[in-house]
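As stored in final_4.csv (CSV, C-alpha atoms and all ligand atoms):
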chain,number,residue,atom,x,y,z
F,1,MET,CA,6.2,26.4,-14.2
F,2,ALA,CA,6.0,23.2,-16.1
F,3,PHE,CA,9.8,22.9,-16.0
F,4,ASP,CA,9.7,23.5,-12.2
F,5,LEU,CA,7.2,20.8,-11.7
F,6,SER,CA,9.2,18.2,-13.6
F,7,ARG,CA,12.4,19.2,-11.9
F,8,ARG,CA,10.8,18.8,-8.6
F,9,PHE,CA,9.8,15.3,-9.4
F,10,LEU,CA,13.3,14.6,-10.5
F,11,LEU,CA,14.9,16.0,-7.3
F,12,THR,CA,12.6,14.3,-4.9
F,13,GLY,CA,12.1,11.0,-6.7
F,14,SER,CA,13.6,8.0,-4.9
F,15,ALA,CA,14.5,4.7,-6.5
F,16,GLY,CA,17.1,2.0,-6.7
F,17,ALA,CA,20.5,2.5,-8.3
F,18,ALA,CA,19.4,1.7,-11.8
F,19,VAL,CA,16.5,4.0,-11.6
F,20,ALA,CA,18.6,6.8,-10.1
F,21,GLY,CA,21.0,6.5,-12.9
F,22,LEU,CA,18.3,6.8,-15.5
F,23,THR,CA,16.7,9.9,-14.0
F,24,ALA,CA,20.1,11.6,-13.6
F,25,CYS,CA,20.8,10.9,-17.3
F,26,ALA,CA,17.4,12.2,-18.3
F,27,THR,CA,18.0,15.5,-16.4
F,28,SER,CA,21.3,16.4,-18.0
F,29,THR,CA,20.3,15.5,-21.6
F,30,ASN,CA,16.7,16.6,-21.7
F,31,GLY,CA,16.2,19.4,-19.1
F,32,GLU,CA,16.7,22.1,-21.8
F,33,ALA,CA,14.1,20.6,-24.1
F,34,VAL,CA,11.5,20.6,-21.5
F,35,ALA,CA,12.4,24.1,-20.3
F,36,GLN,CA,11.7,25.3,-23.8
F,37,GLY,CA,8.7,23.2,-24.7
F,38,ALA,CA,5.3,22.5,-23.3
F,39,PHE,CA,4.8,20.0,-20.5
F,40,THR,CA,3.3,17.2,-22.5
F,41,PRO,CA,3.0,13.6,-21.4
F,42,GLU,CA,5.6,12.7,-24.1
F,43,ASN,CA,8.4,15.1,-23.0
F,44,ALA,CA,7.5,14.5,-19.4
F,45,ALA,CA,8.2,10.8,-20.0
F,46,VAL,CA,11.6,11.6,-21.5
F,47,GLU,CA,12.5,14.2,-18.8
F,48,ASN,CA,11.4,11.9,-16.0
F,49,PRO,CA,10.4,8.4,-16.9
F,50,TYR,CA,9.2,7.8,-13.4
F,51,LEU,CA,6.4,10.3,-13.9
F,52,LEU,CA,4.6,8.0,-16.2
F,53,GLY,CA,5.4,4.7,-14.6
F,54,ALA,CA,8.6,2.6,-14.6
F,55,PRO,CA,11.7,3.9,-16.4
F,56,GLN,CA,12.0,2.2,-19.7
F,57,GLY,CA,13.6,-1.3,-19.3
F,58,VAL,CA,13.3,-1.4,-15.5
F,59,ALA,CA,11.2,-4.1,-13.9
F,60,LEU,CA,9.6,-2.2,-11.1
F,61,LEU,CA,9.0,-4.8,-8.4
F,62,SER,CA,9.7,-2.8,-5.2
F,63,ARG,CA,6.6,-0.8,-4.4
F,64,ASN,CA,3.6,-3.2,-4.2
F,65,GLU,CA,1.8,-1.5,-7.1
F,66,ASN,CA,-0.5,-3.1,-9.7
F,67,PRO,CA,0.8,-2.0,-13.1
F,68,TYR,CA,-2.3,-3.4,-14.8
F,69,GLY,CA,-4.3,-0.5,-13.3
F,70,PRO,CA,-5.9,1.8,-13.3
F,71,ALA,CA,-9.0,0.2,-14.9
F,72,GLN,CA,-10.3,1.6,-18.1
F,73,SER,CA,-13.5,2.4,-16.1
F,74,ALA,CA,-11.3,4.6,-13.8
F,75,LYS,CA,-9.4,6.3,-16.6
F,76,ASP,CA,-12.7,7.3,-18.4
F,77,MET,CA,-13.9,8.8,-15.2
F,78,ILE,CA,-10.6,10.6,-14.6
F,79,ALA,CA,-10.8,12.1,-18.1
F,80,TYR,CA,-14.3,13.4,-17.4
F,81,ALA,CA,-13.4,14.7,-13.9
F,82,ALA,CA,-10.3,16.5,-15.4
F,83,SER,CA,-12.5,18.3,-17.9
F,84,LYS,CA,-14.5,19.6,-14.9
F,85,GLY,CA,-11.3,20.4,-13.0
F,86,ALA,CA,-12.1,24.1,-12.6
F,87,TYR,CA,-14.6,23.1,-9.9
F,88,TYR,CA,-14.0,21.9,-6.3
F,89,THR,CA,-15.0,18.3,-5.8
F,90,ALA,CA,-18.8,18.0,-5.8
F,91,GLN,CA,-20.3,16.9,-2.5
F,92,GLY,CA,-22.5,14.6,-4.4
F,93,ALA,CA,-19.5,12.7,-5.8
F,94,THR,CA,-18.1,12.3,-2.3
F,95,GLU,CA,-21.4,11.0,-1.1
F,96,GLU,CA,-21.8,8.6,-4.0
F,97,LEU,CA,-18.4,7.0,-3.3
F,98,LYS,CA,-19.2,6.7,0.4
F,99,ALA,CA,-22.5,5.1,-0.4
F,100,MET,CA,-20.9,2.6,-2.8
F,101,ILE,CA,-18.3,1.6,-0.2
F,102,ALA,CA,-20.8,1.5,2.6
F,103,ALA,CA,-23.1,-0.8,0.5
F,104,ARG,CA,-20.4,-3.3,0.0
F,105,HIS,CA,-19.5,-3.4,3.6
F,106,GLY,CA,-23.1,-3.5,4.9
F,107,VAL,CA,-22.8,-0.2,6.9
F,108,THR,CA,-24.3,3.2,6.5
F,109,PRO,CA,-22.3,5.9,4.6
F,110,ASP,CA,-21.6,7.8,7.8
F,111,HIS,CA,-19.2,4.9,8.7
F,112,ILE,CA,-16.9,6.0,5.9
F,113,ALA,CA,-14.2,8.7,5.7
F,114,LEU,CA,-12.2,9.4,2.6
F,115,SER,CA,-8.6,10.5,2.0
F,116,THR,CA,-5.9,10.8,-0.7
F,117,GLY,CA,-4.7,7.2,-0.3
F,118,SER,CA,-5.0,5.4,3.0
F,119,GLY,CA,-1.7,6.8,4.0
F,120,GLU,CA,-3.3,10.2,4.7
F,121,ILE,CA,-6.1,8.9,6.8
F,122,LEU,CA,-3.7,6.6,8.7
F,123,SER,CA,-1.5,9.7,9.4
F,124,ALA,CA,-4.6,11.5,10.7
F,125,ILE,CA,-5.4,8.6,12.9
F,126,ALA,CA,-1.9,8.5,14.3
F,127,LEU,CA,-2.0,12.2,15.1
F,128,THR,CA,-5.4,11.8,16.7
F,129,TYR,CA,-4.6,8.9,19.0
F,130,GLY,CA,-0.8,9.2,19.4
F,131,PRO,CA,-0.9,11.9,22.0
F,132,ASN,CA,-3.1,9.7,24.2
F,133,GLY,CA,-0.4,7.0,24.7
F,134,PRO,CA,1.9,4.6,22.9
F,135,ILE,CA,0.8,3.0,19.6
F,136,VAL,CA,1.2,-0.7,20.2
F,137,ALA,CA,2.1,-2.4,17.0
F,138,PRO,CA,4.0,-5.5,15.6
F,139,ARG,CA,7.7,-4.9,15.4
F,140,LEU,CA,7.5,-5.2,11.6
F,141,PHE,CA,4.5,-3.6,9.9
F,142,TRP,CA,3.8,-0.7,7.5
F,143,ASP,CA,4.9,1.9,10.0
F,144,THR,CA,5.2,5.0,7.8
F,145,THR,CA,2.2,6.8,9.3
F,146,ALA,CA,2.9,6.0,12.9
F,147,LEU,CA,6.4,7.3,12.3
F,148,TYR,CA,5.0,10.4,10.8
F,149,ALA,CA,3.3,11.2,14.1
F,150,ALA,CA,6.4,10.0,16.0
F,151,ASN,CA,8.6,12.4,14.0
F,152,LEU,CA,6.3,15.2,15.1
F,153,GLY,CA,6.7,14.2,18.7
F,154,MET,CA,3.0,13.2,18.8
F,155,ALA,CA,3.3,9.4,19.2
F,156,ASP,CA,5.6,6.7,20.5
F,157,ILE,CA,5.5,3.3,18.8
F,158,GLN,CA,5.6,0.3,21.1
F,159,ARG,CA,6.9,-2.5,18.9
F,160,ILE,CA,6.0,-6.1,19.8
F,161,PRO,CA,8.4,-8.8,18.4
F,162,LEU,CA,7.0,-11.2,15.8
F,163,THR,CA,6.7,-14.9,16.6
F,164,ALA,CA,9.5,-17.2,15.4
F,165,ASP,CA,7.4,-17.8,12.2
F,166,MET,CA,7.3,-14.0,11.6
F,167,GLU,CA,3.6,-13.9,12.5
F,168,ILE,CA,2.0,-11.1,14.4
F,169,ASP,CA,2.2,-12.1,18.1
F,170,LEU,CA,-1.3,-11.3,19.1
F,171,PRO,CA,-1.1,-12.7,22.7
F,172,SER,CA,2.0,-10.5,23.4
F,173,MET,CA,0.3,-7.5,21.8
F,174,GLU,CA,-2.8,-8.1,24.0
F,175,ALA,CA,-0.6,-8.3,27.0
F,176,ALA,CA,1.0,-5.0,26.1
F,177,VAL,CA,-2.3,-3.1,25.8
F,178,THR,CA,-3.4,-1.2,28.8
F,179,GLU,CA,-5.9,1.6,29.6
F,180,SER,CA,-3.1,4.1,28.9
F,181,THR,CA,-2.4,2.7,25.4
F,182,GLY,CA,-3.1,5.4,22.7
F,183,ALA,CA,-4.0,2.9,20.0
F,184,VAL,CA,-3.2,-0.5,18.6
F,185,GLN,CA,-2.2,-0.8,14.9
F,186,LEU,CA,-1.7,-3.8,12.8
F,187,CYS,CA,-1.8,-4.7,9.1
F,188,ASN,CA,-3.7,-7.8,7.9
F,189,PRO,CA,-2.2,-9.1,5.6
F,190,ASN,CA,1.0,-7.7,7.0
F,191,ASN,CA,3.6,-5.8,5.0
F,192,PRO,CA,6.4,-6.8,4.3
F,193,THR,CA,5.7,-10.4,5.4
F,194,GLY,CA,2.6,-10.9,3.3
F,195,LEU,CA,1.2,-13.1,6.0
F,196,VAL,CA,-2.5,-13.2,6.8
F,197,THR,CA,-3.7,-13.6,10.4
F,198,PRO,CA,-6.9,-15.7,10.0
F,199,GLY,CA,-10.2,-13.9,10.7
F,200,ASN,CA,-11.3,-16.0,13.7
F,201,THR,CA,-7.9,-15.4,15.4
F,202,ILE,CA,-7.5,-11.7,14.7
F,203,ARG,CA,-11.2,-10.8,15.4
F,204,ALA,CA,-11.2,-12.3,18.8
F,205,ALA,CA,-7.9,-10.6,19.8
F,206,VAL,CA,-8.9,-7.3,18.3
F,207,ALA,CA,-12.2,-7.3,20.1
F,208,ARG,CA,-10.5,-7.8,23.4
F,209,MET,CA,-7.9,-5.1,22.8
F,210,ALA,CA,-10.5,-2.7,21.5
F,211,ALA,CA,-12.1,-2.8,25.0
F,212,LYS,CA,-9.0,-1.0,26.2
F,213,ALA,CA,-7.9,1.2,23.3
F,214,PRO,CA,-8.9,1.9,19.7
F,215,VAL,CA,-7.6,-0.7,17.3
F,216,ILE,CA,-6.6,0.2,13.7
F,217,VAL,CA,-6.6,-2.7,11.3
F,218,ASP,CA,-4.8,-1.6,8.0
F,219,GLU,CA,-6.4,-3.8,5.3
F,220,ALA,CA,-4.5,-2.3,2.4
F,221,TYR,CA,-4.0,-5.8,0.8
F,222,ILE,CA,-7.1,-7.7,2.1
F,223,GLU,CA,-8.8,-7.8,-1.3
F,224,LEU,CA,-5.9,-10.1,-2.3
F,225,ALA,CA,-6.4,-12.5,0.6
F,226,ASP,CA,-7.8,-15.9,-0.2
F,227,ASP,CA,-10.8,-15.3,2.0
F,228,GLU,CA,-11.4,-11.6,2.2
F,229,GLU,CA,-14.9,-11.9,3.8
F,230,GLY,CA,-13.6,-14.4,6.4
F,231,THR,CA,-10.6,-12.3,7.3
F,232,THR,CA,-11.7,-8.7,7.5
F,233,CYS,CA,-12.3,-7.0,10.8
F,234,VAL,CA,-15.2,-4.9,9.5
F,235,PRO,CA,-17.8,-7.1,11.3
F,236,LEU,CA,-16.3,-5.9,14.6
F,237,ILE,CA,-17.2,-2.3,13.7
F,238,LYS,CA,-20.8,-3.4,13.1
F,239,GLU,CA,-20.8,-5.1,16.5
F,240,GLY,CA,-19.8,-1.8,18.2
F,241,HIS,CA,-16.2,-2.4,19.0
F,242,ASP,CA,-13.8,0.5,18.9
F,243,VAL,CA,-12.1,-0.6,15.6
F,244,ILE,CA,-11.0,1.4,12.6
F,245,VAL,CA,-10.4,-0.5,9.3
F,246,THR,CA,-8.5,1.3,6.5
F,247,ARG,CA,-8.5,0.3,2.8
F,248,THR,CA,-6.9,1.7,-0.3
F,249,PHE,CA,-7.4,1.9,-4.1
F,250,SER,CA,-3.6,1.8,-4.5
F,251,LYS,CA,-3.1,-1.9,-4.5
F,252,LEU,CA,-5.6,-4.2,-6.2
F,253,TYR,CA,-7.2,-1.3,-8.0
F,254,GLY,CA,-3.9,-0.1,-9.4
F,255,MET,CA,-4.4,3.6,-8.5
F,256,ALA,CA,-1.3,4.2,-6.3
F,257,GLY,CA,-0.6,7.5,-8.2
F,258,ILE,CA,-4.2,8.6,-8.2
F,259,ARG,CA,-4.5,8.6,-4.4
F,260,MET,CA,-7.7,7.3,-2.9
F,261,GLY,CA,-8.2,5.6,0.4
F,262,TYR,CA,-10.8,5.3,3.1
F,263,LEU,CA,-11.6,4.1,6.6
F,264,ILE,CA,-14.6,2.3,8.0
F,265,ALA,CA,-15.4,3.0,11.7
F,266,ALA,CA,-18.2,4.1,14.0
F,267,PRO,CA,-19.9,7.3,12.6
F,268,GLU,CA,-18.5,9.5,15.4
F,269,THR,CA,-15.0,8.1,14.9
F,270,ALA,CA,-15.3,8.5,11.1
F,271,ALA,CA,-16.4,12.1,11.5
F,272,LYS,CA,-13.7,12.9,14.0
F,273,ILE,CA,-10.9,11.5,11.7
F,274,GLN,CA,-12.4,13.1,8.6
F,275,SER,CA,-12.3,16.5,10.3
F,276,VAL,CA,-8.5,16.3,10.7
F,277,VAL,CA,-7.6,14.9,7.3
F,278,MET,CA,-5.5,17.6,5.7
F,279,SER,CA,-6.4,17.6,2.0
F,280,TRP,CA,-9.6,17.8,0.0
F,281,THR,CA,-9.8,14.6,-2.0
F,282,PRO,CA,-9.4,15.5,-5.7
F,283,SER,CA,-12.4,15.1,-8.0
F,284,THR,CA,-10.2,13.0,-10.3
F,285,SER,CA,-9.5,10.5,-7.5
F,286,ILE,CA,-13.1,10.2,-6.4
F,287,ALA,CA,-14.2,9.8,-10.0
F,288,ALA,CA,-11.7,7.1,-10.6
F,289,ALA,CA,-12.8,5.2,-7.5
F,290,ILE,CA,-16.5,5.5,-8.4
F,291,GLY,CA,-15.7,4.3,-11.9
F,292,SER,CA,-13.8,1.2,-10.9
F,293,TYR,CA,-15.0,0.1,-7.4
F,294,ASN,CA,-17.5,-2.3,-8.8
F,295,ASP,CA,-15.6,-3.1,-12.0
F,296,MET,CA,-15.3,-6.8,-11.2
F,297,GLU,CA,-13.9,-7.7,-14.6
F,298,PHE,CA,-10.9,-5.5,-13.9
F,299,VAL,CA,-10.7,-6.6,-10.2
F,300,ASN,CA,-10.7,-10.3,-11.2
F,301,TYR,CA,-8.2,-9.8,-14.0
F,302,SER,CA,-5.8,-8.0,-11.7
F,303,LYS,CA,-6.1,-10.6,-9.0
F,304,ALA,CA,-5.5,-13.4,-11.5
F,305,LYS,CA,-2.4,-11.7,-12.7
F,306,ILE,CA,-1.1,-11.1,-9.2
F,307,VAL,CA,-1.7,-14.8,-8.3
F,308,GLU,CA,0.0,-15.9,-11.5
F,309,ALA,CA,3.0,-13.8,-10.8
F,310,ARG,CA,3.2,-15.0,-7.2
F,311,GLU,CA,3.1,-18.6,-8.3
F,312,MET,CA,6.0,-17.9,-10.7
F,313,VAL,CA,8.0,-16.4,-7.8
F,314,THR,CA,7.3,-19.2,-5.4
F,315,THR,CA,8.0,-21.9,-8.0
F,316,THR,CA,11.4,-20.2,-8.6
F,317,LEU,CA,12.1,-20.0,-4.8
F,318,ASP,CA,11.1,-23.7,-4.4
F,319,THR,CA,13.4,-24.7,-7.2
F,320,LEU,CA,16.2,-22.8,-5.5
F,321,GLY,CA,15.4,-24.2,-2.1
F,322,LEU,CA,14.9,-20.7,-0.6
F,323,GLU,CA,12.7,-20.1,2.4
F,324,TYR,CA,9.7,-17.7,1.9
F,325,LEU,CA,6.6,-16.7,3.7
F,326,PRO,CA,3.2,-17.8,2.2
F,327,SER,CA,1.9,-14.5,0.9
F,328,GLN,CA,-1.7,-13.5,0.3
F,329,THR,CA,-0.6,-10.1,-1.1
F,330,ASN,CA,1.1,-8.7,-4.2
F,331,PHE,CA,4.6,-9.3,-2.8
F,332,VAL,CA,6.7,-12.1,-1.4
F,333,TYR,CA,9.2,-11.9,1.4
F,334,PHE,CA,11.9,-14.5,1.0
F,335,LYS,CA,15.2,-15.4,2.7
F,336,SER,CA,17.9,-15.2,0.0
F,337,GLY,CA,20.8,-16.1,2.4
F,338,LYS,CA,22.5,-12.9,1.0
F,339,GLU,CA,22.6,-9.4,2.4
F,340,ALA,CA,19.3,-7.8,1.3
F,341,ASN,CA,20.9,-4.6,0.2
F,342,ALA,CA,23.4,-6.6,-1.9
F,343,VAL,CA,20.6,-8.5,-3.5
F,344,GLN,CA,18.8,-5.1,-4.2
F,345,GLN,CA,22.0,-3.8,-5.9
F,346,ALA,CA,22.6,-7.0,-7.9
F,347,MET,CA,19.0,-6.8,-9.1
F,348,ALA,CA,19.4,-3.1,-9.9
F,349,ASP,CA,22.4,-3.9,-12.0
F,350,ARG,CA,20.1,-6.1,-14.0
F,351,MET,CA,17.5,-3.3,-14.3
F,352,ILE,CA,15.2,-4.9,-11.7
F,353,SER,CA,14.0,-2.9,-8.7
F,354,VAL,CA,13.3,-4.8,-5.5
F,355,ARG,CA,13.1,-3.6,-1.9
F,356,GLY,CA,16.2,-3.3,0.3
F,357,GLN,CA,16.7,-4.4,3.9
F,358,TYR,CA,14.0,-3.9,6.6
F,359,MET,CA,15.3,-3.3,10.1
F,360,ASP,CA,17.7,-6.1,11.1
F,361,TYR,CA,16.2,-8.7,8.7
F,362,ASN,CA,19.4,-8.6,6.7
F,363,GLU,CA,18.9,-11.7,4.6
F,364,TRP,CA,15.2,-11.1,3.7
F,365,THR,CA,14.1,-9.5,0.4
F,366,ARG,CA,10.7,-8.3,-0.6
F,367,VAL,CA,9.8,-8.6,-4.2
F,368,SER,CA,6.5,-7.1,-5.5
F,369,MET,CA,4.4,-8.5,-8.3
F,370,GLY,CA,4.2,-6.6,-11.5
F,371,PHE,CA,3.9,-7.2,-15.2
F,372,ILE,CA,4.3,-10.9,-15.9
F,373,GLU,CA,7.3,-10.3,-18.2
F,374,ASP,CA,9.0,-8.3,-15.4
F,375,VAL,CA,8.4,-11.0,-12.8
F,376,ASP,CA,9.8,-13.4,-15.3
F,377,LYS,CA,12.9,-11.3,-15.6
F,378,PHE,CA,13.2,-11.4,-11.8
F,379,CYS,CA,12.8,-15.2,-11.8
F,380,ARG,CA,15.5,-15.6,-14.4
F,381,ALA,CA,17.9,-13.3,-12.6
F,382,LEU,CA,17.4,-14.8,-9.1
F,383,PRO,CA,19.5,-18.0,-9.4
F,384,GLU,CA,22.5,-15.8,-10.5
F,385,VAL,CA,22.0,-13.2,-7.8
F,386,VAL,CA,21.8,-15.6,-4.9
F,387,ALA,CA,24.4,-18.0,-6.3
Q,401,LIG,C1,0.1,-1.9,4.6
Q,401,LIG,C2,0.0,-0.6,3.9
Q,401,LIG,N1,-0.9,0.3,4.3
Q,401,LIG,C3,-1.1,1.5,3.7
Q,401,LIG,C4,-0.3,1.8,2.6
Q,401,LIG,C5,-0.5,3.2,2.0
Q,401,LIG,O1,-0.9,3.1,0.8
Q,401,LIG,P1,-1.7,4.3,0.1
Q,401,LIG,O2,-1.4,5.6,0.9
Q,401,LIG,O3,-1.3,4.4,-1.3
Q,401,LIG,O4,-3.2,3.9,0.3
Q,401,LIG,C6,0.7,1.0,2.2
Q,401,LIG,C7,1.6,1.3,1.0
Q,401,LIG,O5,2.4,0.6,0.6
Q,401,LIG,C8,0.8,-0.3,2.8
Q,401,LIG,O6,1.7,-1.2,2.4

The structure given in the file should be rewritten as structure tokens.
Amino acid sequence: MAFDLSRRFLLTGSAGAAVAGLTACATSTNGEAVAQGAFTPENAAVENPYLLGAPQGVALLSRNENPYGPAQSAKDMIAYAASKGAYYTAQGATEELKAMIAARHGVTPDHIALSTGSGEILSAIALTYGPNGPIVAPRLFWDTTALYAANLGMADIQRIPLTADMEIDLPSMEAAVTESTGAVQLCNPNNPTGLVTPGNTIRAAVARMAAKAPVIVDEAYIELADDEEGTTCVPLIKEGHDVIVTRTFSKLYGMAGIRMGYLIAAPETAAKIQSVVMSWTPSTSIAAAIGSYNDMEFVNYSKAKIVEAREMVTTTLDTLGLEYLPSQTNFVYFKSGKEANAVQQAMADRMISVRGQYMDYNEWTRVSMGFIEDVDKFCRALPEVVA
């Protein structure tokens, strides 16, 4: 059983070339040992380095994670919840987390729905609204969940080109929204551009679009924005607009592998979407979220590390004279002047993992922030890679 689990991780894990090489090597040399022994963290790490984080020696800068997480406050709660893992998640814990989230956003807890990462609830949203008409979205956005519904034949994505500056083109999006639109979806800040649409601009446009169709604002990275309060679309929900905001513990909170996300919406919308979310949120995830949600020491530390790393990257890009978009996230999208997939390969050859090409943006590379020493490794490799 334990062996099957680790093998499944190996067979389905995806990563850059360097990472792939490492996992293949781990399979052939260590599979037997794991098959015979217990499934401990130590042999799991040998069998599949990815299971416990980045493979040794690889600077993992491709997935917008925060390696400084989870917070100790989250880990303590996970340990406790794991010790009670025989039991289904207590309703009281779910209610406590909803109450904490609601208090921060100034709404009642019935405005909150929970899921395993925001990806799950965004998929549930896409399945709910996709059949009503096209999902109007920027051409470049985090489209995984809209594609999930599209792949099931339950949604069409109507992509609106970005502006010349790679901003979300809100006027064109507005022009595309009609009474037969299923939903509107956008990310603020956007992924992979990292760009923020300012609060006064986005709120006015979202309010107008929401008069015609539900608007989903994916705020996965908004805690990293310079002015979270001034940027979020949550106030629109309080004003009664048909808006759904999604958030996650995967980014600033460093809990991508723990899986915890949520939405904020009108109570009837939150209840409708909660009823079609597929999984029952694990007690360990809920406990971790409760433990760290108000852990401002961790939050501030993480944000400071991300900003420090971002400044290292932009300083390097400035030195090299390379164009980049001003990011308010834990990643930077820059124009290397080289094929993005070639840059990814050249970085992988140096044990650095960055994202490959998006759509036809063939000269643009997205690099995520990570441990400072890993970002430093990227900064030192970049001049050679783009030479
Ligand atoms: C913009 C955006 N939204 C949502 C997600 C989903 O993250 P999770 O399911 O871990 O909350 C991601 C993941 O990278 C993302 O970039």

*Tell me, as a PyMOL selection string, which residues lie within 9 Å of Ala266 (chain F), counting only C-alpha atoms; anything in the same chain fewer than 2 positions away does not count.*
chain F and resi 110-112+237-238+240-244+264+268-271

*What do you get as an MDAnalysis selection string if you pick all residues at most 9 Å from ligand LIG 401 (chain Q), counting only C-alpha atoms and all ligand atoms?*
chainID F and resid 63:65 115:122 141:145 186:192 218:221 246:251 255:262

*Compare F:Gln345, F:Ser336, F:Thr197, F:Asn362 by their minimum atom-to-atom distance to Val386 (chain F), counting all atoms listed in the file, and give me the closest one.*
F:Ser336

Tell me which protein, DNA and RNA residues are within 12 Å of Pro214 (chain F), counting only C-alpha atoms, leaving out same-chain ones fewer than 6 positions away, and put them as a PDB file with C-alpha atoms, in the coordinates of the input.
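File produced: around.pdb:
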ATOM      1  CA  ILE F 125      -5.400   8.600  12.900  1.00  0.00           C
ATOM      2  CA  ALA F 126      -1.900   8.500  14.300  1.00  0.00           C
ATOM      3  CA  THR F 128      -5.400  11.800  16.700  1.00  0.00           C
ATOM      4  CA  TYR F 129      -4.600   8.900  19.000  1.00  0.00           C
ATOM      5  CA  GLY F 130      -0.800   9.200  19.400  1.00  0.00           C
ATOM      6  CA  ASN F 132      -3.100   9.700  24.200  1.00  0.00           C
ATOM      7  CA  GLY F 133      -0.400   7.000  24.700  1.00  0.00           C
ATOM      8  CA  PRO F 134       1.900   4.600  22.900  1.00  0.00           C
ATOM      9  CA  ILE F 135       0.800   3.000  19.600  1.00  0.00           C
ATOM     10  CA  VAL F 136       1.200  -0.700  20.200  1.00  0.00           C
ATOM     11  CA  VAL F 177      -2.300  -3.100  25.800  1.00  0.00           C
ATOM     12  CA  THR F 178      -3.400  -1.200  28.800  1.00  0.00           C
ATOM     13  CA  GLU F 179      -5.900   1.600  29.600  1.00  0.00           C
ATOM     14  CA  SER F 180      -3.100   4.100  28.900  1.00  0.00           C
ATOM     15  CA  THR F 181      -2.400   2.700  25.400  1.00  0.00           C
ATOM     16  CA  GLY F 182      -3.100   5.400  22.700  1.00  0.00           C
ATOM     17  CA  ALA F 183      -4.000   2.900  20.000  1.00  0.00           C
ATOM     18  CA  VAL F 184      -3.200  -0.500  18.600  1.00  0.00           C
ATOM     19  CA  GLN F 185      -2.200  -0.800  14.900  1.00  0.00           C
ATOM     20  CA  LEU F 186      -1.700  -3.800  12.800  1.00  0.00           C
ATOM     21  CA  VAL F 206      -8.900  -7.300  18.300  1.00  0.00           C
ATOM     22  CA  ALA F 207     -12.200  -7.300  20.100  1.00  0.00           C
ATOM     23  CA  ARG F 208     -10.500  -7.800  23.400  1.00  0.00           C
ATOM     24  CA  LEU F 236     -16.300  -5.900  14.600  1.00  0.00           C
ATOM     25  CA  ILE F 237     -17.200  -2.300  13.700  1.00  0.00           C
ATOM     26  CA  GLY F 240     -19.800  -1.800  18.200  1.00  0.00           C
ATOM     27  CA  HIS F 241     -16.200  -2.400  19.000  1.00  0.00           C
ATOM     28  CA  ASP F 242     -13.800   0.500  18.900  1.00  0.00           C
ATOM     29  CA  VAL F 243     -12.100  -0.600  15.600  1.00  0.00           C
ATOM     30  CA  ILE F 244     -11.000   1.400  12.600  1.00  0.00           C
ATOM     31  CA  VAL F 245     -10.400  -0.500   9.300  1.00  0.00           C
ATOM     32  CA  ALA F 265     -15.400   3.000  11.700  1.00  0.00           C
ATOM     33  CA  ALA F 266     -18.200   4.100  14.000  1.00  0.00           C
ATOM     34  CA  THR F 269     -15.000   8.100  14.900  1.00  0.00           C
TER      35      THR F 269
END

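Ranking F:Pro235, F:Tyr253, F:Phe371, F:Pro138 by their shortest atom-to-atom distance to Val107 (chain F), with all atoms listed in the file included, puts F:Pro235 first.
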
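Atom pair CA of Asp226 (chain F) / CA of Val196 (chain F) has a distance of 9.2 Å (rounded to one decimal).
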
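For the residues F:Asn330, F:Thr193, F:Asn151, F:Gln357, ranking by smallest atom-to-atom distance to Ile168 (chain F) using all atoms listed in the file places F:Thr193 first.
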
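Nearest residue to Tyr324 (chain F), choosing from F:Met359, F:Leu224, F:Ala309, F:Leu195 and counting only C-alpha atoms: F:Leu195.
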
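When CA of Thr314 (chain F) is paired with CA of Ser327 (chain F), their separation reads 9.5 Å.
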
_d(CA of Gly194 (chain F), CA of Phe331 (chain F)) in Å_ = 6.6 Å

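For the set F:Pro267, F:Gly57, F:Pro282, F:Gly153, the residue with the smallest atom-to-atom gap to Thr89 (chain F) is F:Pro282, counting all atoms listed in the file.
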
*Leaving out Tyr68 (chain F) and any residue of its chain fewer than 6 positions from it, which residues lie within 12 Å of it when counting only C-alpha atoms, given as a PyMOL selection string?*
chain F and resi 53+250-256+298-306+369-372
